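Next comes query-v2.txt, a file with compact mmCIF, C-alpha atoms and all ligand atoms.
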# COMPACT_ATOMS: atom_id res chain seq x y z
CA MET M 178 134.87 286.55 99.85
CA SER M 179 131.46 285.02 99.90
CA ASP M 180 128.09 286.09 98.71
CA ASN M 181 125.86 287.49 101.47
CA SER M 182 122.46 286.39 100.16
CA ALA M 183 121.90 283.64 102.74
CA ILE M 184 122.75 285.87 105.71
CA GLY M 185 120.74 288.72 104.18
CA GLU M 186 117.66 286.52 103.92
CA THR M 187 117.89 285.64 107.62
CA LEU M 188 118.09 289.37 108.45
CA ARG M 189 115.36 290.63 106.16
CA TRP M 190 112.37 292.01 108.14
CA LYS M 191 113.86 290.88 111.43
CA LYS M 192 113.10 293.64 113.93
CA PHE M 193 116.05 294.54 116.13
CA PRO M 194 114.60 296.32 119.16
CA VAL M 195 115.90 299.76 120.12
CA LEU M 196 114.70 301.87 123.10
CA ASN M 197 111.36 300.89 124.67
CA ASP M 198 109.36 300.45 121.47
CA GLY M 199 111.61 301.23 118.51
CA PHE M 200 113.30 298.96 116.04
CA VAL M 201 115.42 298.78 112.94
CA CYS M 202 115.03 296.15 110.29
CA LEU M 203 116.57 295.43 106.94
CA VAL M 204 114.05 295.44 104.13
CA ASP M 205 116.35 294.97 101.18
CA TRP M 206 119.93 295.35 100.14
CA MET M 207 122.06 295.38 97.04
CA GLY M 208 125.64 294.20 96.91
CA SER M 209 128.19 292.77 99.24
CA ASP M 210 131.89 293.23 99.93
CA ASP M 211 132.29 291.71 96.46
CA ALA M 212 130.40 294.62 94.87
CA VAL M 213 132.90 297.04 96.38
CA VAL M 214 135.80 295.01 95.01
CA GLN M 215 134.19 294.58 91.61
CA ALA M 216 133.67 298.34 91.24
CA ALA M 217 137.19 299.16 92.36
CA ARG M 218 138.79 296.64 90.02
CA VAL M 219 137.29 298.24 86.94
CA SER M 220 140.04 300.81 87.39
CA TYR M 221 142.53 298.15 86.43
CA GLY M 222 140.99 297.81 82.96
CA ALA M 223 140.83 294.07 82.43
CA GLY M 224 138.61 293.67 85.47
CA THR M 225 140.23 290.36 86.39
CA LYS M 226 143.75 291.59 87.02
CA ARG M 227 144.41 291.17 90.72
CA VAL M 228 146.99 293.51 92.16
CA SER M 229 145.97 292.67 95.72
CA ASP M 230 143.61 290.29 97.44
CA ASP M 231 140.06 291.44 98.02
CA ARG M 232 140.36 292.12 101.74
CA THR M 233 143.53 294.14 101.28
CA LEU M 234 141.87 296.12 98.51
CA ILE M 235 138.80 297.02 100.61
CA ARG M 236 141.01 298.04 103.49
CA TYR M 237 143.15 300.18 101.16
CA LEU M 238 140.06 301.87 99.68
CA LEU M 239 138.61 302.70 103.07
CA ARG M 240 141.94 303.88 104.47
CA HIS M 241 142.48 306.22 101.55
CA HIS M 242 138.91 307.56 101.26
CA HIS M 243 138.29 306.00 97.86
CA THR M 244 134.60 306.22 98.49
CA THR M 245 132.71 305.49 95.26
CA PRO M 246 133.17 301.68 95.32
CA PHE M 247 131.28 301.71 98.65
CA GLU M 248 128.42 303.56 96.95
CA MET M 249 127.84 300.50 94.76
CA ALA M 250 126.14 298.72 97.68
CA GLU M 251 122.82 299.91 99.09
CA LEU M 252 120.64 299.10 102.08
CA LYS M 253 116.97 299.78 102.73
CA PHE M 254 115.71 299.80 106.30
CA TYR M 255 112.37 300.08 108.01
CA VAL M 256 112.73 301.94 111.30
CA ARG M 257 110.54 302.96 114.22
CA VAL M 258 112.04 305.98 115.97
CA PRO M 259 110.92 308.70 118.41
CA MET M 260 110.40 311.98 116.55
CA ASP M 261 113.17 313.83 118.39
CA THR M 262 115.68 311.16 117.38
CA TRP M 263 114.29 311.14 113.84
CA ARG M 264 114.87 314.88 113.68
CA GLN M 265 118.61 314.21 114.15
CA TRP M 266 118.53 311.24 111.79
CA VAL M 267 117.00 313.14 108.85
CA ARG M 268 119.86 315.63 108.88
CA HIS M 269 121.75 312.99 106.91
CA ARG M 270 120.74 314.18 103.47
CA THR M 271 122.29 311.44 101.40
CA ALA M 272 119.46 308.97 101.99
CA SER M 273 116.00 308.44 100.52
CA ILE M 274 113.11 308.55 102.96
CA ASN M 275 109.42 307.78 103.07
CA GLU M 276 107.85 308.46 106.44
CA TYR M 277 104.55 307.47 108.03
CA SER M 278 102.11 310.34 107.51
CA THR M 279 100.20 311.65 110.51
CA ARG M 280 98.20 313.82 108.09
CA TYR M 281 96.95 310.67 106.44
CA SER M 282 96.82 308.22 109.36
CA HIS M 283 96.39 308.46 113.12
CA ALA M 284 99.64 309.14 114.95
CA ILE M 285 101.29 305.97 116.28
CA ASP M 286 100.06 305.43 119.81
CA SER M 287 103.45 304.93 121.39
CA ALA M 288 106.03 307.24 122.93
CA CYS M 289 109.61 306.85 124.08
CA GLU M 290 109.53 306.21 127.82
CA THR M 291 112.33 306.85 130.29
CA GLU M 292 113.17 304.39 133.04
CA PRO M 293 113.56 305.94 136.53
CA GLY M 294 117.30 305.24 136.49
CA ALA M 295 117.81 306.64 132.99
CA TRP M 296 117.35 310.40 133.51
CA ARG M 297 120.71 311.87 132.46
CA LEU M 298 122.17 314.98 134.04
CA GLN M 299 123.44 317.96 132.03
CA ALA M 300 127.18 317.68 131.35
CA LYS M 301 129.24 320.45 132.93
CA SER M 302 132.00 320.66 130.33
CA ASN M 303 130.08 319.81 127.15
CA ARG M 304 126.99 321.92 126.65
CA GLN M 305 125.57 319.43 124.17
CA GLY M 306 126.03 316.35 126.29
CA SER M 307 125.07 314.56 129.47
CA GLU M 308 127.02 312.94 132.27
CA GLY M 309 125.81 310.82 135.15
CA PHE M 310 122.25 310.08 136.19
CA LEU M 311 119.64 311.40 138.56
CA SER M 312 119.02 309.00 141.42
CA ALA M 313 116.44 306.34 140.62
CA GLU M 314 114.24 307.62 143.49
CA GLU M 315 114.03 311.11 141.99
CA GLY M 316 113.84 309.57 138.52
CA GLU M 317 110.78 307.63 139.62
CA ILE M 318 108.91 310.92 140.01
CA LEU M 319 110.01 312.17 136.56
CA SER M 320 109.04 308.87 134.93
CA ARG M 321 105.60 309.03 136.54
CA GLU M 322 105.17 312.63 135.34
CA GLU M 323 106.33 311.61 131.90
CA ALA M 324 103.73 308.84 131.68
CA ALA M 325 100.98 311.21 132.84
CA PHE M 326 102.06 313.85 130.32
CA HIS M 327 102.15 311.34 127.45
CA LYS M 328 98.69 310.12 128.39
CA SER M 329 97.30 313.63 128.63
CA ALA M 330 98.78 314.62 125.23
CA ARG M 331 97.37 311.46 123.68
CA ASP M 332 93.95 312.01 125.24
CA LEU M 333 93.90 315.56 123.86
CA TYR M 334 94.83 314.24 120.40
CA THR M 335 92.12 311.57 120.52
CA ARG M 336 89.54 314.10 121.71
CA ARG M 337 90.34 316.38 118.77
CA ILE M 338 90.12 313.46 116.34
CA ASP M 339 86.79 312.38 117.86
CA MET M 340 85.48 315.93 117.36
CA GLY M 341 86.32 315.69 113.67
CA ILE M 342 89.44 317.85 113.70
CA ALA M 343 91.76 317.13 110.76
CA ARG M 344 94.59 314.76 111.63
CA GLU M 345 97.10 317.32 110.30
CA GLN M 346 96.03 319.79 113.01
CA ALA M 347 95.05 317.42 115.78
CA ARG M 348 98.65 316.18 115.97
CA LYS M 349 100.24 319.55 116.70
CA ASP M 350 100.65 319.02 120.46
CA LEU M 351 101.88 315.45 120.42
CA PRO M 352 105.23 315.16 122.20
CA LEU M 353 108.46 314.66 120.27
CA ALA M 354 108.75 311.37 122.12
CA THR M 355 105.99 309.97 119.85
CA TYR M 356 107.24 307.21 117.58
CA THR M 357 107.27 307.55 113.81
CA GLU M 358 108.10 304.93 111.20
CA ALA M 359 109.96 305.25 107.93
CA TYR M 360 111.74 303.53 105.10
CA TRP M 361 115.32 304.71 104.90
CA LYS M 362 117.53 303.80 101.94
CA ILE M 363 121.18 304.73 101.74
CA ASP M 364 124.34 303.55 100.04
CA LEU M 365 127.07 301.88 102.03
CA HIS M 366 129.49 304.81 101.86
CA ASN M 367 126.97 307.28 103.27
CA LEU M 368 125.75 304.74 105.80
CA LEU M 369 129.29 304.39 107.13
CA HIS M 370 129.47 308.18 107.35
CA PHE M 371 126.20 308.17 109.34
CA LEU M 372 127.52 305.41 111.60
CA ALA M 373 130.82 307.18 112.17
CA LEU M 374 129.00 310.31 113.34
CA ARG M 375 126.16 308.66 115.24
CA MET M 376 128.09 305.85 116.97
CA GLU M 377 130.54 308.38 118.43
CA SER M 378 130.39 309.03 122.14
CA ASN M 379 129.37 312.66 121.53
CA ALA M 380 126.20 311.63 119.68
CA GLN M 381 123.03 311.45 121.76
CA ILE M 382 122.52 308.05 123.34
CA GLU M 383 119.15 307.45 121.64
CA ILE M 384 120.44 307.83 118.07
CA ARG M 385 123.62 306.04 119.12
CA SER M 386 121.48 303.04 120.07
CA TYR M 387 119.96 302.97 116.59
CA ALA M 388 123.36 303.37 114.92
CA ALA M 389 124.81 300.55 117.03
CA ALA M 390 121.93 298.22 116.14
CA ILE M 391 122.30 298.97 112.42
CA ALA M 392 126.06 298.54 112.59
CA GLU M 393 126.31 295.42 114.70
CA GLU M 394 123.18 293.53 113.69
CA ILE M 395 123.03 294.36 109.99
CA VAL M 396 126.16 295.94 108.49
CA ARG M 397 128.64 293.66 110.25
CA PRO M 398 127.10 290.38 109.02
CA LEU M 399 126.27 291.69 105.54
CA PHE M 400 129.57 293.46 104.82
CA PRO M 401 132.07 291.85 107.21
CA VAL M 402 135.26 292.97 105.49
CA THR M 403 134.09 296.53 104.92
CA TYR M 404 132.82 296.77 108.48
CA GLU M 405 136.10 295.53 109.89
CA ALA M 406 137.97 298.12 107.80
CA PHE M 407 135.51 300.80 108.95
CA LEU M 408 136.22 299.97 112.61
CA ASP M 409 139.97 299.91 112.01
CA TYR M 410 140.38 302.96 109.80
CA ARG M 411 137.40 305.18 110.40
CA PHE M 412 135.53 304.64 113.63
CA GLY M 413 138.58 303.55 115.59
CA ALA M 414 140.91 306.04 113.94
CA LEU M 415 142.33 309.07 115.66
CA THR M 416 143.50 312.10 113.69
CA LEU M 417 146.24 314.46 114.79
CA THR M 418 146.08 318.07 113.65
CA ARG M 419 149.23 319.91 112.60
CA LEU M 420 149.09 321.85 115.87
CA GLU M 421 148.88 318.62 117.87
CA GLN M 422 151.78 317.11 115.95
CA ASP M 423 153.86 320.20 116.78
CA VAL M 424 153.09 319.82 120.49
CA ILE M 425 154.14 316.15 120.33
CA SER M 426 157.36 317.11 118.55
CA ARG M 427 158.16 319.67 121.24
CA LEU M 428 157.43 317.16 124.02
CA ALA M 429 159.52 314.50 122.27
CA GLY M 430 162.36 316.98 121.64
CA ALA M 431 162.42 317.82 125.34
CA ARG M 432 162.28 314.09 126.22
CA LYS M 433 159.08 314.70 128.18
CA ILE M 434 157.04 311.73 126.93
CA PRO M 435 155.03 310.48 128.74
CA ALA M 436 154.42 314.04 129.85
CA ALA M 437 152.92 315.44 133.00
CA LEU M 438 149.99 317.81 132.58
CA ASP M 439 152.26 320.79 133.36
CA ASP M 440 154.68 319.79 130.59
CA PHE M 441 151.80 319.53 128.14
CA LEU M 442 150.58 322.99 129.19
CA ALA M 443 154.08 324.43 128.92
CA MET M 444 154.40 323.18 125.35
CA GLN M 445 150.87 323.77 124.15
CA ASP M 446 150.12 325.76 121.03
CA GLU M 447 150.58 329.52 121.50
CA ALA M 448 147.02 330.18 120.26
CA TRP M 449 145.62 328.06 123.10
CA ARG M 450 147.81 329.48 125.87
CA PRO M 451 145.90 332.68 126.76
CA LEU M 452 142.56 330.88 126.80
CA GLU M 453 141.16 329.79 130.14
CA ARG M 454 138.81 327.36 128.44
CA CYS M 455 139.91 325.88 125.14
CA ARG M 456 138.04 322.99 123.55
CA GLU M 457 140.82 322.31 121.07
CA ARG M 458 143.36 321.99 123.90
CA ASP M 459 140.99 319.68 125.78
CA GLU M 460 140.61 317.53 122.68
CA ALA M 461 144.39 317.38 122.21
CA LEU M 462 144.87 316.40 125.84
CA GLU M 463 142.26 313.66 125.55
CA LYS M 464 143.94 312.23 122.46
CA PHE M 465 147.41 312.40 124.01
CA ARG M 466 146.17 310.62 127.13
CA ARG M 467 144.55 307.95 124.98
CA LEU M 468 147.91 307.44 123.25
CA GLY M 469 149.87 307.44 126.50
CA LEU M 470 151.74 310.62 125.54
CA VAL M 471 150.42 312.50 128.59
CA ARG M 472 150.06 310.73 131.91
CA PRO M 473 146.56 310.35 133.36
CA GLU M 474 145.80 312.69 136.26
C1 LIG M 501 127.30 314.97 117.61
C2 LIG M 501 126.53 315.82 116.62
C3 LIG M 501 126.04 317.04 117.00
C4 LIG M 501 125.32 317.83 116.11
N1 LIG M 501 124.85 319.05 116.52
C5 LIG M 501 124.15 319.81 115.65
C6 LIG M 501 123.61 321.09 116.04
O1 LIG M 501 123.79 321.51 117.18
N2 LIG M 501 122.89 321.81 115.16
C7 LIG M 501 122.68 321.36 113.87
O2 LIG M 501 122.03 322.06 113.10
N3 LIG M 501 123.18 320.17 113.47
C8 LIG M 501 123.89 319.39 114.30
N4 LIG M 501 124.38 318.19 113.90
C9 LIG M 501 124.10 317.74 112.52
C10 LIG M 501 125.35 317.91 111.62
O3 LIG M 501 125.72 319.28 111.52
C11 LIG M 501 125.07 317.33 110.23
O4 LIG M 501 124.03 318.06 109.63
C12 LIG M 501 124.68 315.88 110.27
O5 LIG M 501 125.55 315.16 111.10
C13 LIG M 501 124.70 315.30 108.87
O6 LIG M 501 126.05 315.20 108.46
P1 LIG M 501 126.46 315.33 106.95
O7 LIG M 501 125.99 316.63 106.36
O8 LIG M 501 127.93 315.08 106.87
O9 LIG M 501 125.68 314.07 106.32
P2 LIG M 501 124.89 313.94 104.97
O10 LIG M 501 123.81 314.94 104.87
O11 LIG M 501 124.51 312.48 104.84
O12 LIG M 501 125.95 314.25 103.88
C14 LIG M 501 127.07 313.42 103.68
C15 LIG M 501 128.13 314.24 103.00
O13 LIG M 501 127.63 314.61 101.70
C16 LIG M 501 128.06 315.92 101.39
N5 LIG M 501 126.88 316.76 101.21
C17 LIG M 501 125.58 316.42 101.46
N6 LIG M 501 124.77 317.41 101.12
C18 LIG M 501 125.56 318.42 100.68
C19 LIG M 501 125.31 319.72 100.20
N7 LIG M 501 124.10 320.22 100.11
N8 LIG M 501 126.36 320.46 99.85
C20 LIG M 501 127.62 319.99 99.93
N9 LIG M 501 127.93 318.77 100.38
C21 LIG M 501 126.91 317.99 100.73
C22 LIG M 501 128.93 316.40 102.54
O14 LIG M 501 130.26 316.09 102.27
C23 LIG M 501 128.46 315.55 103.69
O15 LIG M 501 129.42 315.37 104.71
C24 LIG M 501 125.10 317.38 114.77
C25 LIG M 501 125.61 316.14 114.39
C26 LIG M 501 126.31 315.35 115.29
C27 LIG M 501 126.84 314.01 114.84

Translate this structure into structure tokens?
Amino acid sequence: MSDNSAIGETLRWKKFPVLNDGFVCLVDWMGSDDAVVQAARVSYGAGTKRVSDDRTLIRYLLRHHHTTPFEMAELKFYVRVPMDTWRQWVRHRTASINEYSTRYSHAIDSACETEPGAWRLQAKSNRQGSEGFLSAEEGEILSREEAAFHKSARDLYTRRIDMGIAREQARKDLPLATYTEAYWKIDLHNLLHFLALRMESNAQIEIRSYAAAIAEEIVRPLFPVTYEAFLDYRFGALTLTRLEQDVISRLAGARKIPAALDDFLAMQDEAWRPLERCRERDEALEKFRRLGLVRPE
């Protein structure tokens, strides 16, 4: 495997745009795929003894959750993020953060704007999610209202500042759409954990956009072997619970694969059966359909 210093230098401070006015950029990094291998090989004593090639070793480590070698690499980012997205981001406690202070400086004069065609509708099945969009004509009205609201909130903030109000209090009514900026440093293991959670389809689209930019623009070129293993064994992996395995066994035993929906329901777990709505059953069905074990409707 090769050293990543040349590619890292081309990435450093390059701003990858996200949303209307956000970005992520790499400030600094330590290590490469080689650092992961080097740390793992210390387990073999001599350090030089090769029981497998480097790529195979990284893939083995990731597949089997041998996580500490991935903690030997670190990345430091500079990010510009709307405050509501940042609020989700900072829940990941295994990173070091320094954020722009709106007590010390004037709040950044920029807010996350929504295009008329980008107003998402509340999902019916998933209370946390969205599905589909409002028509662009109706969205046009919401986007206009949004712009007026942002302007009014900003004007109020500026008026308070002009009247000598402390920045720490003047900011209290700024919308969560206001951008903030921060340094964010995290090791590769915990970054992959962040990416696995925030690139998933159930994560909110805004934070997903940041995770995708970090993953594709920065992690992939800097740690190509680790990233490939992450896609193969973590992000692209699908786990089957014991209950799900039992349902598959019953379907296979009855030679019902690929199964119709009724067969799946007939052989579902007994704990799911009396429930009219059952998220676990829905998840099982989704996985089985993805694997071709249950026919699509
Ligand atoms: C789709 C989605 C929806 C979410 N919805 C909600 C919600 O509705 N409400 C809400 O409050 N949060 C929500 N969250 C946030 C979520 O519960 C986690 O707080 C967040 O994803 C951070 O995950 P983490 O703790 O694994 O990561 P990190 O904080 O980076 O921690 C990484 C790992 O380190 C270990 N660790 C870290 N700190 C500790 C500790 N103090 N003790 C023990 N182990 C520790 C754990 O193994 C942890 O998995 C949501 C997250 C996602 C992805």

Which residues are near ligand LIG 501 (chain M) in this structure, taking near to mean any atom at most 7 Å from a ligand atom and counting all atoms listed in the file? Format them as JSON, numbers by chain.
{"M": [265, 268, 269, 270, 271, 272, 367, 370, 371, 374, 375, 379, 380, 381]}

Selection above as a file: C-alpha atoms, as a CSV table (one decimal), in the frame of the given file:
chain,number,residue,atom,x,y,z
M,265,GLN,CA,118.6,314.2,114.2
M,268,ARG,CA,119.9,315.6,108.9
M,269,HIS,CA,121.8,313.0,106.9
M,270,ARG,CA,120.7,314.2,103.5
M,271,THR,CA,122.3,311.4,101.4
M,272,ALA,CA,119.5,309.0,102.0
M,367,ASN,CA,127.0,307.3,103.3
M,370,HIS,CA,129.5,308.2,107.4
M,371,PHE,CA,126.2,308.2,109.3
M,374,LEU,CA,129.0,310.3,113.3
M,375,ARG,CA,126.2,308.7,115.2
M,379,ASN,CA,129.4,312.7,121.5
M,380,ALA,CA,126.2,311.6,119.7
M,381,GLN,CA,123.0,311.4,121.8

Give me, please, the distance in Å between atom CA of Leu188 of chain M and atom CA of Thr403 of chain M, quoted to one decimal.
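Between these atoms lies a distance of 17.9 Å.
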
Protein/DNA/RNA residues near (107.5, 310.4, 110.9), cut 6 Å, only C-alpha atoms, as a PyMOL selection string:
chain M and resi 276-277+357-358

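With all atoms listed in the file as the atoms that count, the minimum distance from Thr245 of chain M to the choices M:His366, M:Arg397, M:Arg466, M:His327 is reached by M:His366.
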
Can you pull out every residue within 8 Å of Leu252 of chain M, counting all atoms listed in the file, but drop anything in the same chain fewer than 2 positions away, and send it as an MDAnalysis selection string?
chainID M and resid 203:207 250 254 362:365

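The residue that comes closest to Leu311 of chain M, out of M:Asn181, M:Thr416, M:Thr291, M:Thr244 and on the basis of all atoms listed in the file, is M:Thr291.
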
Distance criterion (all atoms listed in the file): nearest to Gln422 of chain M out of M:His241, M:Phe193, M:Lys464, M:Arg385
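The answer is M:Lys464, which sits nearest to Gln422 of chain M.
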
Which distance in Å separates atom CA of Val256 of chain M and atom CA of Ala359 of chain M, to one decimal?
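Going from atom CA of Val256 of chain M over to atom CA of Ala359 of chain M, I get 5.5 Å.
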
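Residue nearest Phe412 of chain M within the list M:Ala284, M:Val424, M:Leu239, M:Val213: M:Leu239 [criterion: smallest interatomic distance, all atoms listed in the file].
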
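Picture a line from atom CA of Pro435 of chain M to atom CA of Gly469 of chain M; it runs 6.4 Å.
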
Residue with smallest distance to Tyr410 of chain M - pool M:Lys192, M:Lys349, M:Arg232, M:His242, counting only C-alpha atoms
M:His242

Hey, what's within 8 Å of Leu351 of chain M if we count only C-alpha atoms and toss same-chain stuff fewer than 5 positions away? As a PDB file with C-alpha atoms, keeping the file's coordinate frame, please?
ATOM      1  CA  ALA M 330      98.780 314.620 125.230  1.00  0.00           C
ATOM      2  CA  ARG M 331      97.370 311.460 123.680  1.00  0.00           C
ATOM      3  CA  TYR M 334      94.830 314.240 120.400  1.00  0.00           C
TER       4      TYR M 334
END

Close residues, Gly199 of chain M itself excluded, 6 Å, all atoms listed in the file, min 2 positions apart in chain, as a PyMOL selection string
chain M and resi 194-196+257-258

Looking at only C-alpha atoms, which of M:Glu345, M:Arg240, M:Gln445, M:Ala429 is the one that sits closest to Leu408 of chain M?
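Selected residue with least distance to Leu408 of chain M: M:Arg240.
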